[in-house]
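Right, one structure below, let's go through it.
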Amino acid sequence: MLPARYMESSCGQCHHTPLTGTPQLNRGRELLARNGCVRCHTLRLPDGSTMTATDDPPSLLHVADKTTREWIYAWLKDPQSYSVSATMPNFNLSDADARDISAFLISSSTPAEGDTVPVAAASSQASTDPVAGQSLYGESFCASCHAIQNAAGNVVGGDIGPELTHIGNKVKPEWMQAWLRNPRIYDPTTLMPHYRFTAQQVALLSNFLASKSDSSLLANVHLSTATPVEIAHGKVLVTEYGCASCHAINGVKKPDNFAPELSRIGSKPIAQLVFISGMPHTLPDYISGKVRQPRAFGAGLKMPQYTFTPAQVDAITTALLSYTDQSHNLPRKLTVASTPTSSYRPAGSAGRLMEELACQSCHRINGRGGDMAPDLSMEGSSVQRAWLNSFLKNPNTLRPSLIRRMPRFNLTDAEASELTDYMMTAYQSPAIDRESMPSGGYPASLIEQGRQLFYSKYACQSCHIVDSKADKGYIGPTLTQVGSRLNAAWIYAWLMNPQTLRPDTAQPNFNMSEEDARALTAFLMTQKGTARQEAKR
Amino acid sequence: MNRTLATGLFLFPLIAIGCSHKRPSTTLLHPTAYGSALIESSGGKQEGAVGTTLSQPLVVQVNDEQDAGVAGALVEFQGPYGASFDPSIVLTDSSGQATTNVTMGGIAARYPIKAITKSKAQKEIALDITEIALGYQEEMGYQLGERYCARCHNPESSAERVSNYDNLEVKPHTFSDGATLNKMSDAELTSIIDHGGVALNKSALMPPYGYTLNNAETQALVAYIRLISEPPYQAPGMAYAQK
């Protein structure tokens, strides 16, 4: 019988979308996609689709522009000694193998075309000021995506981009400046936005980041000039270890079916498994053992050592156990297929601008994008044009309990207004008619009725603030300016049933009468912010 | 009575050896010191899904008469059927602490766990600890609670979640507040979740979730609240059972 700790795998035989009751299964599937497992192992789902990887391993086509052979060597030997949160697994390479792979990667790298401003040109008096650099790092919300390990050893920050604790050891100063000026030149598909920093800001930030280093990290790495034999051997190793399954490398093709397929791993007969002596002979023990310590299963195995916690190993095992023969043989109508991955990209010149700002690294739009920031698929139905335009130019936070994370991109007026027009037009909900409710001119009695409902019947002040002096609600967005931010039809539709607009919102559905919703909308539309806030905008 | 206890104590290590998957070496530990008190350092009252290892280790400390940690004392962890410890027998470290990882059994329940050490006079010193195993329903209740309820009902703030507790004029009860919640019937809890505070003449700041959650989800929340309640919740027995 399946041990209780893997119980949720049974749910996963039919359900291929995340369920509230199966956190471990959901996490396991996320880990399979996020840690590059499915870049080597094919995982065909019962609905015919294939699980796609959600990580973003860097291209190594121009790696010599970015870093040194010494750093590559040290990284290959032990990725986690450079950054504790590194997801790159450890291949347990010998010194000679790491030497040869680093030699090949450097020799195969071609220079990236485009940005060639020399490093010294932008330096100035202010650029050496570490405090200004640090505050620019904070103001630009770099920490939303990048983490830095603090003195106490805690890794603080987001995990979308790489950890920057020792970035000064890794990248060359000229590469860092070029990257900060426009990351898309080096990597056209990067999740990093093009910030439009001034030359002064680039110098400040790059100097601040260069100071993030540890002198002992590469102190013991001494490599002599690479010989052709070493380079050739490096290429053989890169091919054998399947490096190109994750990284783009000049001269090495991405291998197909590099590792065993996992589509029916949950039904693999025990007779086909090779166990380590002393371990229990069960499939769950075999899978979790393989995830935990793949190289323990025999010499010559290529699967690298990951740094999963015991809970993560359990989650991955649970997810893998759900891919059984039965899950593939069940009639389609009895199963819940996975959500198809969307390839939506905004169109036209506004679309190009949105790609450049990497909006979808944080915002989901029409099914594609990150989950750090609100879904923008219906933004045009939701907000007022003037508000969106000023927000893009100078973002502020809407919720008191959230740390603001939307950066300022130094947009020109023309760019901000092009983006605003595009979003107001393209991101509409067919269910909401912006003209169906007036934005003002409601009778005073209706507004007063709305106020009563707000404070008594629905007690909205438990989560929202309308009067910044009296109300304290900390959960939902502050509503002091909601009348100039949202349009009335959206507020009305939201009050009637918030889950139809955002299924995962914490706002309950009050099953409100149309009359109450209209009165509340009238009241909320009078909240235009104070004169001072208006003046600031 | 004493004899039964002694036999039990004599038998326990044998049973522990017999049942344990660990190498025998862990059972051959000998204490080099003895304490006079056993206290919990951390890791009690954790919640984890059935069958899983709890995320934090359970740490207890053996103290002497001066409340200073005793190194080298032997601590044994015992639990009900299904719960297991890695390791189950531990010598305390230099600060007097014994650490073990607890794996919950397959049944959703409160698991009474005993940590035992012996005094110099070979008198048993026991410490009772509770760990909580969440079944499918309780786990779902926990998940829903985190999404919809914890912002107000949990006064603790974290980096990811700032608590709204202090901002509310009428303070919500924490989910483990048995002193209050145990007095309410399942029907009353369901009603307050579905229809809001006003349903039971309580604070209107608690909104209704009956149009957002379905019945199974509301029941999951109630099941979770019942399981983690402090003091523990006892379901009203049938009338004849009480006679």
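The chains in the structure tokens are called A, B, ... from first to last as shown; in each chain the residues are counted from 1, and the ligands are counted from 1 in the order shown.
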
Alpha helix (DSSP H) positions in stretch 38-108 of chain A, given as a PyMOL selection string: chain A and resi 38-40+63-66+69-77+79-82+95-108

Write out, as an mmCIF file, in the first residue's frame, the residues just selected, with N, CA and C atoms.
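As written to disk, again.cif reads:
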data_model
loop_
_atom_site.group_PDB
_atom_site.id
_atom_site.type_symbol
_atom_site.label_atom_id
_atom_site.label_comp_id
_atom_site.auth_asym_id
_atom_site.auth_seq_id
_atom_site.Cartn_x
_atom_site.Cartn_y
_atom_site.Cartn_z
ATOM 1 N N VAL A 38 12.306 18.323 -16.266
ATOM 2 C CA VAL A 38 11.688 17.951 -17.535
ATOM 3 C C VAL A 38 12.473 18.473 -18.737
ATOM 4 N N ARG A 39 13.631 19.055 -18.500
ATOM 5 C CA ARG A 39 14.478 19.404 -19.639
ATOM 6 C C ARG A 39 15.254 18.177 -20.118
ATOM 7 N N CYS A 40 15.552 17.260 -19.204
ATOM 8 C CA CYS A 40 16.225 16.018 -19.606
ATOM 9 C C CYS A 40 15.237 14.867 -19.727
ATOM 10 N N VAL A 63 29.218 33.471 -23.131
ATOM 11 C CA VAL A 63 29.554 33.437 -21.701
ATOM 12 C C VAL A 63 30.908 34.086 -21.398
ATOM 13 N N ALA A 64 31.811 34.091 -22.380
ATOM 14 C CA ALA A 64 33.129 34.688 -22.122
ATOM 15 C C ALA A 64 33.044 36.203 -21.964
ATOM 16 N N ASP A 65 31.978 36.822 -22.532
ATOM 17 C CA ASP A 65 31.762 38.257 -22.314
ATOM 18 C C ASP A 65 31.429 38.532 -20.851
ATOM 19 N N LYS A 66 30.775 37.553 -20.245
ATOM 20 C CA LYS A 66 30.140 37.782 -18.955
ATOM 21 C C LYS A 66 31.045 37.436 -17.790
ATOM 22 N N ARG A 69 36.946 32.141 -16.871
ATOM 23 C CA ARG A 69 37.053 30.686 -16.831
ATOM 24 C C ARG A 69 37.180 30.213 -15.380
ATOM 25 N N GLU A 70 37.863 31.000 -14.557
ATOM 26 C CA GLU A 70 38.050 30.614 -13.156
ATOM 27 C C GLU A 70 36.707 30.506 -12.448
ATOM 28 N N TRP A 71 35.828 31.492 -12.736
ATOM 29 C CA TRP A 71 34.530 31.448 -12.075
ATOM 30 C C TRP A 71 33.745 30.221 -12.537
ATOM 31 N N ILE A 72 33.771 29.941 -13.853
ATOM 32 C CA ILE A 72 33.041 28.777 -14.368
ATOM 33 C C ILE A 72 33.549 27.505 -13.693
ATOM 34 N N TYR A 73 34.865 27.428 -13.548
ATOM 35 C CA TYR A 73 35.464 26.253 -12.919
ATOM 36 C C TYR A 73 34.929 26.072 -11.489
ATOM 37 N N ALA A 74 34.993 27.160 -10.716
ATOM 38 C CA ALA A 74 34.544 27.076 -9.318
ATOM 39 C C ALA A 74 33.050 26.755 -9.246
ATOM 40 N N TRP A 75 32.286 27.356 -10.138
ATOM 41 C CA TRP A 75 30.836 27.121 -10.177
ATOM 42 C C TRP A 75 30.539 25.657 -10.489
ATOM 43 N N LEU A 76 31.245 25.108 -11.484
ATOM 44 C CA LEU A 76 31.007 23.715 -11.861
ATOM 45 C C LEU A 76 31.348 22.777 -10.712
ATOM 46 N N LYS A 77 32.410 23.108 -9.995
ATOM 47 C CA LYS A 77 32.823 22.235 -8.896
ATOM 48 C C LYS A 77 31.781 22.238 -7.787
ATOM 49 N N PRO A 79 28.272 24.624 -7.223
ATOM 50 C CA PRO A 79 27.455 25.825 -7.462
ATOM 51 C C PRO A 79 26.985 26.479 -6.163
ATOM 52 N N GLN A 80 26.691 25.683 -5.142
ATOM 53 C CA GLN A 80 26.112 26.249 -3.923
ATOM 54 C C GLN A 80 27.147 27.002 -3.079
ATOM 55 N N SER A 81 28.440 26.792 -3.344
ATOM 56 C CA SER A 81 29.412 27.568 -2.573
ATOM 57 C C SER A 81 29.462 29.006 -3.104
ATOM 58 N N TYR A 82 29.042 29.200 -4.360
ATOM 59 C CA TYR A 82 28.953 30.574 -4.887
ATOM 60 C C TYR A 82 27.658 31.227 -4.402
ATOM 61 N N ASP A 95 38.535 17.603 -10.787
ATOM 62 C CA ASP A 95 39.203 18.863 -11.101
ATOM 63 C C ASP A 95 39.513 18.941 -12.600
ATOM 64 N N ALA A 96 39.974 17.833 -13.170
ATOM 65 C CA ALA A 96 40.349 17.827 -14.590
ATOM 66 C C ALA A 96 39.125 18.046 -15.468
ATOM 67 N N ASP A 97 38.013 17.387 -15.113
ATOM 68 C CA ASP A 97 36.807 17.544 -15.921
ATOM 69 C C ASP A 97 36.288 18.976 -15.859
ATOM 70 N N ALA A 98 36.297 19.567 -14.662
ATOM 71 C CA ALA A 98 35.839 20.956 -14.532
ATOM 72 C C ALA A 98 36.762 21.886 -15.315
ATOM 73 N N ARG A 99 38.047 21.584 -15.284
ATOM 74 C CA ARG A 99 39.021 22.394 -16.032
ATOM 75 C C ARG A 99 38.716 22.336 -17.525
ATOM 76 N N ASP A 100 38.444 21.119 -18.038
ATOM 77 C CA ASP A 100 38.235 20.954 -19.475
ATOM 78 C C ASP A 100 36.901 21.559 -19.921
ATOM 79 N N ILE A 101 35.855 21.392 -19.100
ATOM 80 C CA ILE A 101 34.561 21.975 -19.476
ATOM 81 C C ILE A 101 34.675 23.495 -19.505
ATOM 82 N N SER A 102 35.334 24.070 -18.489
ATOM 83 C CA SER A 102 35.468 25.531 -18.475
ATOM 84 C C SER A 102 36.283 25.994 -19.685
ATOM 85 N N ALA A 103 37.299 25.223 -20.070
ATOM 86 C CA ALA A 103 38.103 25.584 -21.246
ATOM 87 C C ALA A 103 37.239 25.575 -22.496
ATOM 88 N N PHE A 104 36.398 24.542 -22.651
ATOM 89 C CA PHE A 104 35.553 24.455 -23.842
ATOM 90 C C PHE A 104 34.525 25.591 -23.877
ATOM 91 N N LEU A 105 33.893 25.862 -22.727
ATOM 92 C CA LEU A 105 32.838 26.884 -22.724
ATOM 93 C C LEU A 105 33.391 28.251 -23.089
ATOM 94 N N ILE A 106 34.579 28.567 -22.579
ATOM 95 C CA ILE A 106 35.175 29.862 -22.910
ATOM 96 C C ILE A 106 35.563 29.904 -24.389
ATOM 97 N N SER A 107 36.151 28.795 -24.897
ATOM 98 C CA SER A 107 36.627 28.820 -26.290
ATOM 99 C C SER A 107 35.469 28.808 -27.278
ATOM 100 N N SER A 108 34.320 28.242 -26.874
ATOM 101 C CA SER A 108 33.201 28.178 -27.818
ATOM 102 C C SER A 108 32.364 29.453 -27.800
#

Find the residues near stretch 20-26 of chain A: any atom within 8 Å, counting only C-alpha atoms, skip ones fewer than 4 places away on the same chain, and give them as JSON, numbers by chain. {"A": [8, 9, 11, 12, 30, 314, 315, 316, 318, 319], "B": [136, 137, 139, 140, 143, 144]}

Hey, which bits of chain A sit within 9 Å of chain B, and for each residue what's the closest pair of atoms and how far apart in Å (one decimal), counting only C-alpha atoms, rows by chain and increasing number, as a tab-separated table?
residue	atom	partner	partner_atom	distance
A:Pro3	CA	B:Gly51	CA	7.1
A:Ala4	CA	B:Gly51	CA	4.7
A:Arg5	CA	B:Gly51	CA	4.2
A:Tyr6	CA	B:Gly51	CA	7.9
A:Met7	CA	B:Gly51	CA	8.6
A:Glu8	CA	B:Tyr136	CA	8.7
A:Thr20	CA	B:Met140	CA	6.3
A:Gly21	CA	B:Met140	CA	4.5
A:Thr22	CA	B:Met140	CA	7.6
A:Pro23	CA	B:Gln143	CA	8.0
A:Pro310	CA	B:Thr53	CA	8.4
A:Ala311	CA	B:Ser55	CA	7.5
A:Asp314	CA	B:Thr52	CA	8.3
A:Ser401	CA	B:Val162	CA	5.7
A:Leu402	CA	B:Val162	CA	7.9
A:Ser456	CA	B:Ala204	CA	7.3
A:Lys457	CA	B:Ala204	CA	7.2
A:Tyr458	CA	B:Pro207	CA	7.1
A:Ala459	CA	B:Leu205	CA	5.2
A:Cys460	CA	B:Leu205	CA	7.5
A:Gln461	CA	B:Leu205	CA	7.7
A:Ser462	CA	B:Leu205	CA	5.5
A:Cys463	CA	B:Asn164	CA	7.7
A:Asp471	CA	B:Asn167	CA	8.4
A:Lys472	CA	B:Asn167	CA	5.3
A:Gly473	CA	B:Asn167	CA	6.1
A:Tyr474	CA	B:Asn164	CA	5.6
A:Ile475	CA	B:Asn164	CA	6.6
A:Gln499	CA	B:Thr212	CA	7.8
A:Asp504	CA	B:Arg147	CA	8.8
A:Thr505	CA	B:Tyr148	CA	8.7
A:Ala506	CA	B:Tyr148	CA	5.3
A:Gln507	CA	B:Tyr148	CA	8.0
A:Pro508	CA	B:Tyr209	CA	5.6
A:Asn509	CA	B:Thr212	CA	5.4
A:Phe510	CA	B:Pro208	CA	6.5
A:Asn511	CA	B:Tyr211	CA	6.5

Those residues you just picked out, can you put them in a file as a short mmCIF file (atom, residue, chain, number, x, y, z; two decimals), in the first residue's frame with C-alpha atoms?
data_model
loop_
_atom_site.label_atom_id
_atom_site.label_comp_id
_atom_site.auth_asym_id
_atom_site.auth_seq_id
_atom_site.Cartn_x
_atom_site.Cartn_y
_atom_site.Cartn_z
CA PRO A 3 2.58 5.22 2.40
CA ALA A 4 0.36 8.01 3.72
CA ARG A 5 2.98 10.66 2.95
CA TYR A 6 2.42 10.15 -0.79
CA MET A 7 -1.37 10.01 -0.52
CA GLU A 8 -1.94 13.05 -2.73
CA THR A 20 -6.67 23.33 -2.90
CA GLY A 21 -6.52 20.06 -0.99
CA THR A 22 -3.28 18.77 -2.52
CA PRO A 23 -0.54 21.27 -1.64
CA PRO A 310 13.35 16.33 2.62
CA ALA A 311 9.93 17.96 2.16
CA ASP A 314 8.57 14.00 -0.75
CA SER A 401 0.18 45.65 3.73
CA LEU A 402 2.20 45.06 0.58
CA SER A 456 -22.52 48.92 8.87
CA LYS A 457 -24.10 46.17 6.82
CA TYR A 458 -20.98 45.06 4.94
CA ALA A 459 -18.34 46.42 7.36
CA CYS A 460 -15.91 46.98 4.49
CA GLN A 461 -13.66 48.94 6.85
CA SER A 462 -12.41 45.66 8.33
CA CYS A 463 -10.27 45.24 5.22
CA ASP A 471 -10.36 53.36 9.02
CA LYS A 472 -7.59 50.86 9.56
CA GLY A 473 -8.37 47.90 7.27
CA TYR A 474 -5.11 46.54 6.01
CA ILE A 475 -5.94 43.69 3.68
CA GLN A 499 -14.66 35.72 -7.98
CA ASP A 504 -8.35 33.76 -6.31
CA THR A 505 -9.33 36.97 -4.52
CA ALA A 506 -9.80 36.85 -0.75
CA GLN A 507 -12.75 39.25 -0.97
CA PRO A 508 -15.87 37.24 -0.16
CA ASN A 509 -18.91 37.20 -2.40
CA PHE A 510 -21.61 38.96 -0.34
CA ASN A 511 -24.44 37.90 -2.65
#

Residues within 12 Å of B:Asp186, please, as a VMD selection string. Count only C-alpha atoms; anything in the same chain fewer than 5 positions from it doesn't count. chain B and resid 181 191 to 193 218 to 226 233 to 236

Please list as a ChimeraX atom specification every residue within 9 Å of B:Ile228, counting only C-alpha atoms and excluding residues in the same chain fewer than 4 positions away. /B:45,47,110,132,175-178,223-224,232-233

Which polymer residues have any atom within 12 Å of an atom of A:Lys212, counting only C-alpha atoms, with same-chain residues fewer than 4 positions away left out, as a list in words? Tyr82, Ser83, Pro130, Gly133, Gln134, Ala147, Ile148, Gln149, Asn150, Glu163, Leu164, Thr165, His166, Ile167, Gly168, Asn169, Lys170, Val171, Leu205, Ser206, Asn207, Phe208 and Leu217 of chain A

Pull C-alpha atoms from the residues just selected and write them as an mmCIF file, in the first residue's frame.
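Done, and the output landed in out-v9.cif:
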data_model
loop_
_atom_site.group_PDB
_atom_site.id
_atom_site.type_symbol
_atom_site.label_atom_id
_atom_site.label_comp_id
_atom_site.auth_asym_id
_atom_site.auth_seq_id
_atom_site.Cartn_x
_atom_site.Cartn_y
_atom_site.Cartn_z
ATOM 1 C CA TYR A 82 28.953 30.574 -4.887
ATOM 2 C CA SER A 83 25.303 31.082 -3.956
ATOM 3 C CA PRO A 130 28.238 52.835 -2.179
ATOM 4 C CA GLY A 133 24.315 52.597 -5.173
ATOM 5 C CA GLN A 134 22.567 50.676 -2.451
ATOM 6 C CA ALA A 147 18.138 37.864 -3.362
ATOM 7 C CA ILE A 148 21.196 38.742 -1.318
ATOM 8 C CA GLN A 149 22.399 36.728 1.647
ATOM 9 C CA ASN A 150 22.594 38.932 4.731
ATOM 10 C CA GLU A 163 21.091 35.497 -6.189
ATOM 11 C CA LEU A 164 23.543 38.411 -6.144
ATOM 12 C CA THR A 165 25.448 37.816 -2.889
ATOM 13 C CA HIS A 166 28.752 37.298 -4.739
ATOM 14 C CA ILE A 167 27.928 38.782 -8.134
ATOM 15 C CA GLY A 168 31.152 40.808 -8.019
ATOM 16 C CA ASN A 169 33.115 37.545 -8.190
ATOM 17 C CA LYS A 170 31.177 36.387 -11.190
ATOM 18 C CA VAL A 171 30.655 39.011 -13.849
ATOM 19 C CA LEU A 205 24.537 50.263 -9.589
ATOM 20 C CA SER A 206 27.373 48.386 -11.247
ATOM 21 C CA ASN A 207 29.842 49.663 -8.665
ATOM 22 C CA PHE A 208 27.490 48.670 -5.867
ATOM 23 C CA LEU A 217 35.875 32.506 -3.374
#

Taking the backbone alone, and naming residues the way the document does, which bits of stretch 299-372 of chain A are strand (DSSP E or B) by DSSP, as a CSV table (one decimal) with N, CA and C atoms, in the first residue's frame?
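Below is the file that was written, states.csv:
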chain,number,residue,atom,x,y,z
A,305,GLN,N,23.5,15.9,-8.5
A,305,GLN,CA,23.0,15.9,-7.2
A,305,GLN,C,22.3,17.3,-7.0
A,336,VAL,N,-9.3,15.8,-15.3
A,336,VAL,CA,-9.2,17.2,-15.4
A,336,VAL,C,-7.9,17.5,-16.1
A,364,ARG,N,0.6,38.4,-15.1
A,364,ARG,CA,0.0,37.4,-16.0
A,364,ARG,C,-0.9,38.2,-16.9
A,365,ILE,N,-0.8,37.9,-18.2
A,365,ILE,CA,-1.8,38.5,-19.2
A,365,ILE,C,-2.2,37.4,-20.1
A,368,ARG,N,-0.5,34.0,-19.8
A,368,ARG,CA,1.0,33.8,-19.7
A,368,ARG,C,1.6,34.9,-18.8
A,369,GLY,N,2.5,34.5,-18.0
A,369,GLY,CA,3.2,35.5,-17.2
A,369,GLY,C,3.4,35.1,-15.7

Give me the residues near B:Asp128 as a ChimeraX atom specification, where near means some atom within 7 Å (using only C-alpha atoms) and where sequence neighbours in that chain fewer than 6 positions away do not count. /B:112-115

How would the residues just picked look written out with N, CA and C atoms as a PDB file, in the first residue's frame?
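For reference, selection11.pdb as written:
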ATOM      1  N   PRO B 112      -0.099  12.381  21.117  1.00  0.00           N
ATOM      2  CA  PRO B 112       0.583  12.625  22.396  1.00  0.00           C
ATOM      3  C   PRO B 112       1.965  11.986  22.360  1.00  0.00           C
ATOM      4  N   ILE B 113       2.959  12.775  22.602  1.00  0.00           N
ATOM      5  CA  ILE B 113       4.340  12.294  22.525  1.00  0.00           C
ATOM      6  C   ILE B 113       4.987  12.469  23.879  1.00  0.00           C
ATOM      7  N   LYS B 114       5.796  11.485  24.250  1.00  0.00           N
ATOM      8  CA  LYS B 114       6.464  11.536  25.542  1.00  0.00           C
ATOM      9  C   LYS B 114       7.961  11.587  25.310  1.00  0.00           C
ATOM     10  N   ALA B 115       8.622  12.504  25.997  1.00  0.00           N
ATOM     11  CA  ALA B 115      10.073  12.480  26.062  1.00  0.00           C
ATOM     12  C   ALA B 115      10.422  12.039  27.469  1.00  0.00           C
TER      13      ALA B 115
END

12 Å contact set for A:Gly441, only C-alpha atoms, chain neighbours under 6 positions out, as a ChimeraX atom specification: /A:447,488,521-523,525-526

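Comparing the minimum interatomic distances between B:Asn182 and each of B:Asn101, B:Ser157, B:Ser229, B:Asn215, counting only C-alpha atoms, we find that B:Ser229 sits nearest.
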
So what do you get for atom CA of A:Thr420 versus atom CA of A:Asn389, distance-wise?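 Spanning atom CA of A:Thr420 to atom CA of A:Asn389 is a straight-line distance of 5.6 Å.
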
Using atom CA of A:Leu204 and atom CA of A:Pro173 as the two end points, give the distance in Å to one decimal.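 Answer for the atom CA of A:Leu204 to atom CA of A:Pro173 separation: 11.9 Å.
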
Separating atom CA of A:Thr227 from atom CA of A:Ser94, to the nearest tenth of an Å, is a gap of 17.6 Å
